[in-house]
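Beneath this line is the structure, given in structure tokens, with notes to follow.
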Amino acid sequence: MMEIMDTTLRDGEQTAGVSFNASEKLAIAQLLLGELGIDRIEIASARVSEGESDSFRTVCAWAASAGCIDRVEALGFVDGGTSVDWIADHGGKVVNILAKGSLRHLEKQLRKTPEEHIADICKVLDRVAERGMTANLYLEDWSNGIADSPEYVFMMMDALKDSSIKRFMLPDTLGVMNPWSVERYCSQMIERYPDLHFDFHAHNDYDLAVANSIAAAKAGVKGIHTTVNGLGERSGNAPLASVVACLNDQTGLHSSVDESCLNHVCKYVESISGVRIPDNEPVVGENVFTQSSGVHADGDKKANLYANSLLPERFGRKRTYALGKMSGKANIINNLDSLGLSLTPEQIRLVTARVVELGDKKQSMTAEDLPFIIADVLGSGQAADNIHIVNYSLQLARGMRPVAIVKLSIHGTEYEESAPGDGQYDAFMKALWKIYDTLGKHHPILTDYQVSIPPGGRTDALVSTTITWDNNGNSFRTRGIDSDQTEAAIKATVKMLNIIENMNISTLK
């Protein structure tokens, strides 16, 4: 069993522009330790800021009450024990001491001799023992140290191997290693010190953090460090989801992490951090379980020929089939099946042709657009435009809240409401929901709002607004395209209104 130490709340917070407050750190810590089952989490650096102080104290208080305080760690420094006292005084029990793992860092940054540095570390360890705490040790810049000054690394290890240090943590601080060097150097450490516990801490500068972590696992380290969504300084750290999947499928060295909760936790951290998960990110990206090619969709329908061990169900997800110029009949049929719709072979041919045509024009489509495409192609009325905007007015004045006036037609009857909001679209939505509330109609919850603007800086460029909605636990997306961002969002909203209206009509039938 491989031990996972997640450092999203410490090293991950070193991502440019990312900062978690106390309530956010607590929520993420609870998800990591509780829902996911992570072995250990590193959540703070000692003496950084008042905000860090409040956050660390809050998480430690919860962890102590939940009986998992020994799984909560904080970064401390070789500072005579000041960091140790800070961590202990805030309720922490585990300190990860940051020592120098390369001679160059020691001489150029600390300007000390190896003997002086070892003596300083031992003073910190004495303070750890006095406070009744546990110590782990980072060998910062170990990846360069083991390659350029191995005699220094071994001198450090020989001096500290019989100390109270529980784990020796080997960071590729600058992300310079590759899987071959990781395996070679980790093996050297393990062969020389077989009774010690080693962790490996990867950075992703060459996009090798996951591969390097797996190489370290193969070499025999007992712990791997990760961050959710690969957050971290520069190019980030090893992404938790990818590391867990690779450990399970590529090495057989399983972890305690509950795979089925990964997607939920990664999406939550995405929303809190403001750092979006790339659509093609393995395991948790929007497109990773989406087939675009008609050939692939056909093979899946006949015998699941284009599936691998990364089954979406493992991660609480479903396989989907994209609509676009690469679509074949199988894409359409798979989407129709998911929507509970059926068409004749000739109708499928006509709808497929229209989807390909729209794809050639670079129009984005989702499965939720398919009923509208069917209605357009076949004139079938399966996705009737029962709801549309008759008119609306958005008023924006400096120093005043925006106000929207909306006139909405529902099955031919018009309704009008107005409302202020925190922005023009917010005002529009509040006026819209006032109409729905008056009529006693259910409306979904907006869970994500994404705007895509093509590069080039043109003020008249078309904007694509994609909104994700939650309708009684069912998630779906709608898109709107316009040169005005608010208008694009309104178009996506009207699509949503018709989708849920048609769902309601189908249910009544």
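Ordering of the structure tokens sets the chain letters (A, B, ...), residue numbers begin anew at 1 in every chain, and ligands are numbered from 1 in the order given.
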Give me the residues within 9 Å of stretch 48-51 of chain A as a PyMOL selection string, counting only C-alpha atoms and dropping any in the same chain fewer than 6 places off. chain A and resi 20-22
Within 10 Å of A:Lys407, counting only C-alpha atoms, which residues show up once you throw out same-chain ones fewer than 6 positions away? Write them as a tab-separated table (two decimals) with N, CA, C and O atoms, in the first residue's frame, please.
```tsv
chain	number	residue	atom	x	y	z
A	388	HIS	N	-39.62	31.83	-24.87
A	388	HIS	CA	-38.68	32.74	-25.51
A	388	HIS	C	-38.78	34.13	-24.89
A	388	HIS	O	-39.78	34.47	-24.24
A	389	ILE	N	-37.71	34.90	-25.07
A	389	ILE	CA	-37.65	36.25	-24.55
A	389	ILE	C	-38.37	37.17	-25.54
A	389	ILE	O	-37.97	37.27	-26.71
A	390	VAL	N	-39.41	37.85	-25.09
A	390	VAL	CA	-40.10	38.83	-25.94
A	390	VAL	C	-39.27	40.10	-26.02
A	390	VAL	O	-39.04	40.66	-27.09
A	391	ASN	N	-38.78	40.53	-24.86
A	391	ASN	CA	-37.98	41.75	-24.80
A	391	ASN	C	-37.28	41.80	-23.46
A	391	ASN	O	-37.73	41.19	-22.48
A	392	TYR	N	-36.19	42.52	-23.40
A	392	TYR	CA	-35.57	42.78	-22.11
A	392	TYR	C	-34.78	44.08	-22.18
A	392	TYR	O	-34.38	44.53	-23.26
A	393	SER	N	-34.61	44.69	-21.02
A	393	SER	CA	-33.83	45.92	-20.91
A	393	SER	C	-32.86	45.78	-19.75
A	393	SER	O	-33.26	45.36	-18.65
A	414	GLU	N	-47.56	36.02	-21.98
A	414	GLU	CA	-46.42	36.87	-21.65
A	414	GLU	C	-46.45	37.30	-20.18
A	414	GLU	O	-47.51	37.58	-19.61
A	415	TYR	N	-45.24	37.36	-19.60
A	415	TYR	CA	-45.06	37.76	-18.20
A	415	TYR	C	-43.90	38.75	-18.14
A	415	TYR	O	-42.93	38.63	-18.89
A	416	GLU	N	-43.99	39.70	-17.22
A	416	GLU	CA	-42.96	40.73	-17.12
A	416	GLU	C	-42.60	40.97	-15.66
A	416	GLU	O	-43.47	41.05	-14.80
A	417	GLU	N	-41.28	41.09	-15.41
A	417	GLU	CA	-40.79	41.40	-14.07
A	417	GLU	C	-39.51	42.22	-14.19
A	417	GLU	O	-38.85	42.20	-15.24
A	418	SER	N	-39.16	42.88	-13.10
A	418	SER	CA	-37.89	43.61	-13.05
A	418	SER	C	-37.19	43.30	-11.73
A	418	SER	O	-37.84	42.91	-10.75
A	431	ALA	N	-34.79	38.71	-12.27
A	431	ALA	CA	-36.10	39.06	-12.84
A	431	ALA	C	-36.77	37.83	-13.43
A	431	ALA	O	-37.98	37.61	-13.26
A	432	LEU	N	-35.97	36.98	-14.08
A	432	LEU	CA	-36.51	35.75	-14.68
A	432	LEU	C	-37.08	34.83	-13.61
A	432	LEU	O	-38.20	34.32	-13.74
A	435	ILE	N	-40.46	35.70	-12.19
A	435	ILE	CA	-41.57	35.19	-13.00
A	435	ILE	C	-41.84	33.74	-12.65
A	435	ILE	O	-43.00	33.34	-12.42
```
Test item, helix (DSSP H, G or I) assignment across stretch 207-280 of chain A, answer as an MDAnalysis selection string: chainID A and resid 209:219 228:230 240:251 259:273
Do a neighbour search on A:Leu31 at 10 Å with only C-alpha atoms, toss out local chain neighbours closer than 5 positions, and write the hits as a PyMOL selection string. chain A and resi 25-26+36-38+261-262+264-265+268-269
Limited to all heavy atoms, could you put the picked residues into a file as a short mmCIF file (atom, residue, chain, number, x, y, z; two decimals), in the first residue's frame?
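The resulting part02.cif:
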```cif
data_model
loop_
_atom_site.label_atom_id
_atom_site.label_comp_id
_atom_site.auth_asym_id
_atom_site.auth_seq_id
_atom_site.Cartn_x
_atom_site.Cartn_y
_atom_site.Cartn_z
N LYS A 25 -9.87 26.23 3.60
CA LYS A 25 -8.88 25.20 3.97
C LYS A 25 -9.54 24.08 4.78
O LYS A 25 -9.24 22.90 4.58
CB LYS A 25 -7.74 25.82 4.77
CG LYS A 25 -6.68 26.49 3.91
CD LYS A 25 -5.33 26.54 4.61
CE LYS A 25 -4.25 27.07 3.67
NZ LYS A 25 -2.90 27.01 4.24
N LEU A 26 -10.43 24.47 5.67
CA LEU A 26 -11.11 23.46 6.48
C LEU A 26 -11.95 22.55 5.60
O LEU A 26 -11.91 21.32 5.75
CB LEU A 26 -11.99 24.13 7.53
CG LEU A 26 -12.84 23.19 8.39
CD1 LEU A 26 -11.96 22.22 9.15
CD2 LEU A 26 -13.73 23.99 9.34
N LEU A 36 -12.02 11.44 0.65
CA LEU A 36 -11.05 10.75 -0.20
C LEU A 36 -10.24 9.69 0.53
O LEU A 36 -9.81 8.71 -0.07
CB LEU A 36 -10.08 11.76 -0.83
CG LEU A 36 -10.49 12.41 -2.15
CD1 LEU A 36 -9.42 13.37 -2.62
CD2 LEU A 36 -10.75 11.37 -3.21
N GLY A 37 -10.00 9.89 1.81
CA GLY A 37 -9.19 8.93 2.55
C GLY A 37 -7.70 9.10 2.35
O GLY A 37 -6.94 8.12 2.43
N ILE A 38 -7.24 10.32 2.11
CA ILE A 38 -5.80 10.60 1.99
C ILE A 38 -5.12 10.25 3.31
O ILE A 38 -5.66 10.50 4.39
CB ILE A 38 -5.58 12.09 1.65
CG1 ILE A 38 -6.19 12.44 0.29
CG2 ILE A 38 -4.12 12.46 1.70
CD1 ILE A 38 -5.47 11.84 -0.88
N CYS A 261 -14.51 9.35 -5.47
CA CYS A 261 -14.70 10.72 -4.96
C CYS A 261 -13.74 11.72 -5.60
O CYS A 261 -13.83 12.91 -5.32
CB CYS A 261 -14.51 10.73 -3.45
SG CYS A 261 -15.69 9.72 -2.54
N LEU A 262 -12.83 11.25 -6.43
CA LEU A 262 -11.80 12.14 -6.98
C LEU A 262 -12.40 13.28 -7.80
O LEU A 262 -11.99 14.44 -7.66
CB LEU A 262 -10.81 11.34 -7.84
CG LEU A 262 -9.70 10.60 -7.10
CD1 LEU A 262 -8.96 9.68 -8.05
CD2 LEU A 262 -8.73 11.58 -6.46
N HIS A 264 -15.33 14.69 -7.75
CA HIS A 264 -16.03 15.68 -6.93
C HIS A 264 -15.04 16.60 -6.22
O HIS A 264 -15.20 17.84 -6.22
CB HIS A 264 -16.90 14.97 -5.90
CG HIS A 264 -17.46 15.88 -4.85
ND1 HIS A 264 -17.15 15.74 -3.52
CD2 HIS A 264 -18.26 16.98 -4.93
CE1 HIS A 264 -17.75 16.69 -2.82
NE2 HIS A 264 -18.42 17.45 -3.65
N VAL A 265 -14.00 16.04 -5.62
CA VAL A 265 -13.03 16.85 -4.88
C VAL A 265 -12.25 17.76 -5.82
O VAL A 265 -12.02 18.93 -5.52
CB VAL A 265 -12.09 15.94 -4.06
CG1 VAL A 265 -10.97 16.76 -3.42
CG2 VAL A 265 -12.87 15.18 -3.00
N TYR A 268 -14.37 20.63 -6.83
CA TYR A 268 -14.54 21.57 -5.72
C TYR A 268 -13.32 22.46 -5.58
O TYR A 268 -13.43 23.69 -5.45
CB TYR A 268 -14.80 20.81 -4.42
CG TYR A 268 -15.02 21.73 -3.24
CD1 TYR A 268 -16.25 22.35 -3.04
CD2 TYR A 268 -13.99 22.01 -2.34
CE1 TYR A 268 -16.45 23.21 -1.98
CE2 TYR A 268 -14.18 22.87 -1.28
CZ TYR A 268 -15.41 23.47 -1.10
OH TYR A 268 -15.60 24.33 -0.05
N VAL A 269 -12.14 21.87 -5.62
CA VAL A 269 -10.91 22.66 -5.50
C VAL A 269 -10.77 23.59 -6.70
O VAL A 269 -10.29 24.73 -6.57
CB VAL A 269 -9.68 21.73 -5.36
CG1 VAL A 269 -8.38 22.53 -5.43
CG2 VAL A 269 -9.76 20.97 -4.04
#
```
Between atom CA of A:Tyr138 and atom CA of A:Val275, what is the distance, to one decimal in Å?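 Taking atom CA of A:Tyr138 and atom CA of A:Val275, their separation equals 27.1 Å.
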Pick from A:Glu35, A:Arg234, A:Asn144, A:Val124: nearest to A:Ser260, with only C-alpha atoms counted? A:Glu35
Proximity to A:Leu9 - best of A:Arg40, A:Arg401, A:Arg47, A:Lys267, only C-alpha atoms: A:Arg40
So, counting only C-alpha atoms, which residue among A:Phe198, A:Trp142, A:Tyr206, A:Phe428 is closest to A:Phe168?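 The closest residue to A:Phe168 is A:Phe198.
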Distance of atom CA of A:Ala147 from atom CA of A:Asn96, expressed in Å to one decimal place: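 Rounded to one decimal, the two atoms are 23.4 Å apart.
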Can you pull out every residue within 12 Å of A:Gly92, counting only C-alpha atoms, but drop anything in the same chain fewer than 5 positions away, and send it as JSON, numbers by chain? {"A": [41, 42, 43, 44, 45, 46, 53, 55, 56, 57, 58, 59, 60, 61, 62, 63, 64, 68, 69, 70, 71, 72, 73, 74, 75, 76, 83, 84, 85, 86, 87, 128, 131, 132, 133, 134, 135]}
Closest to A:Tyr425 among A:Leu408, A:Thr486, A:Leu98, A:Leu439, using only C-alpha atoms?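 Nearest to A:Tyr425: A:Thr486.
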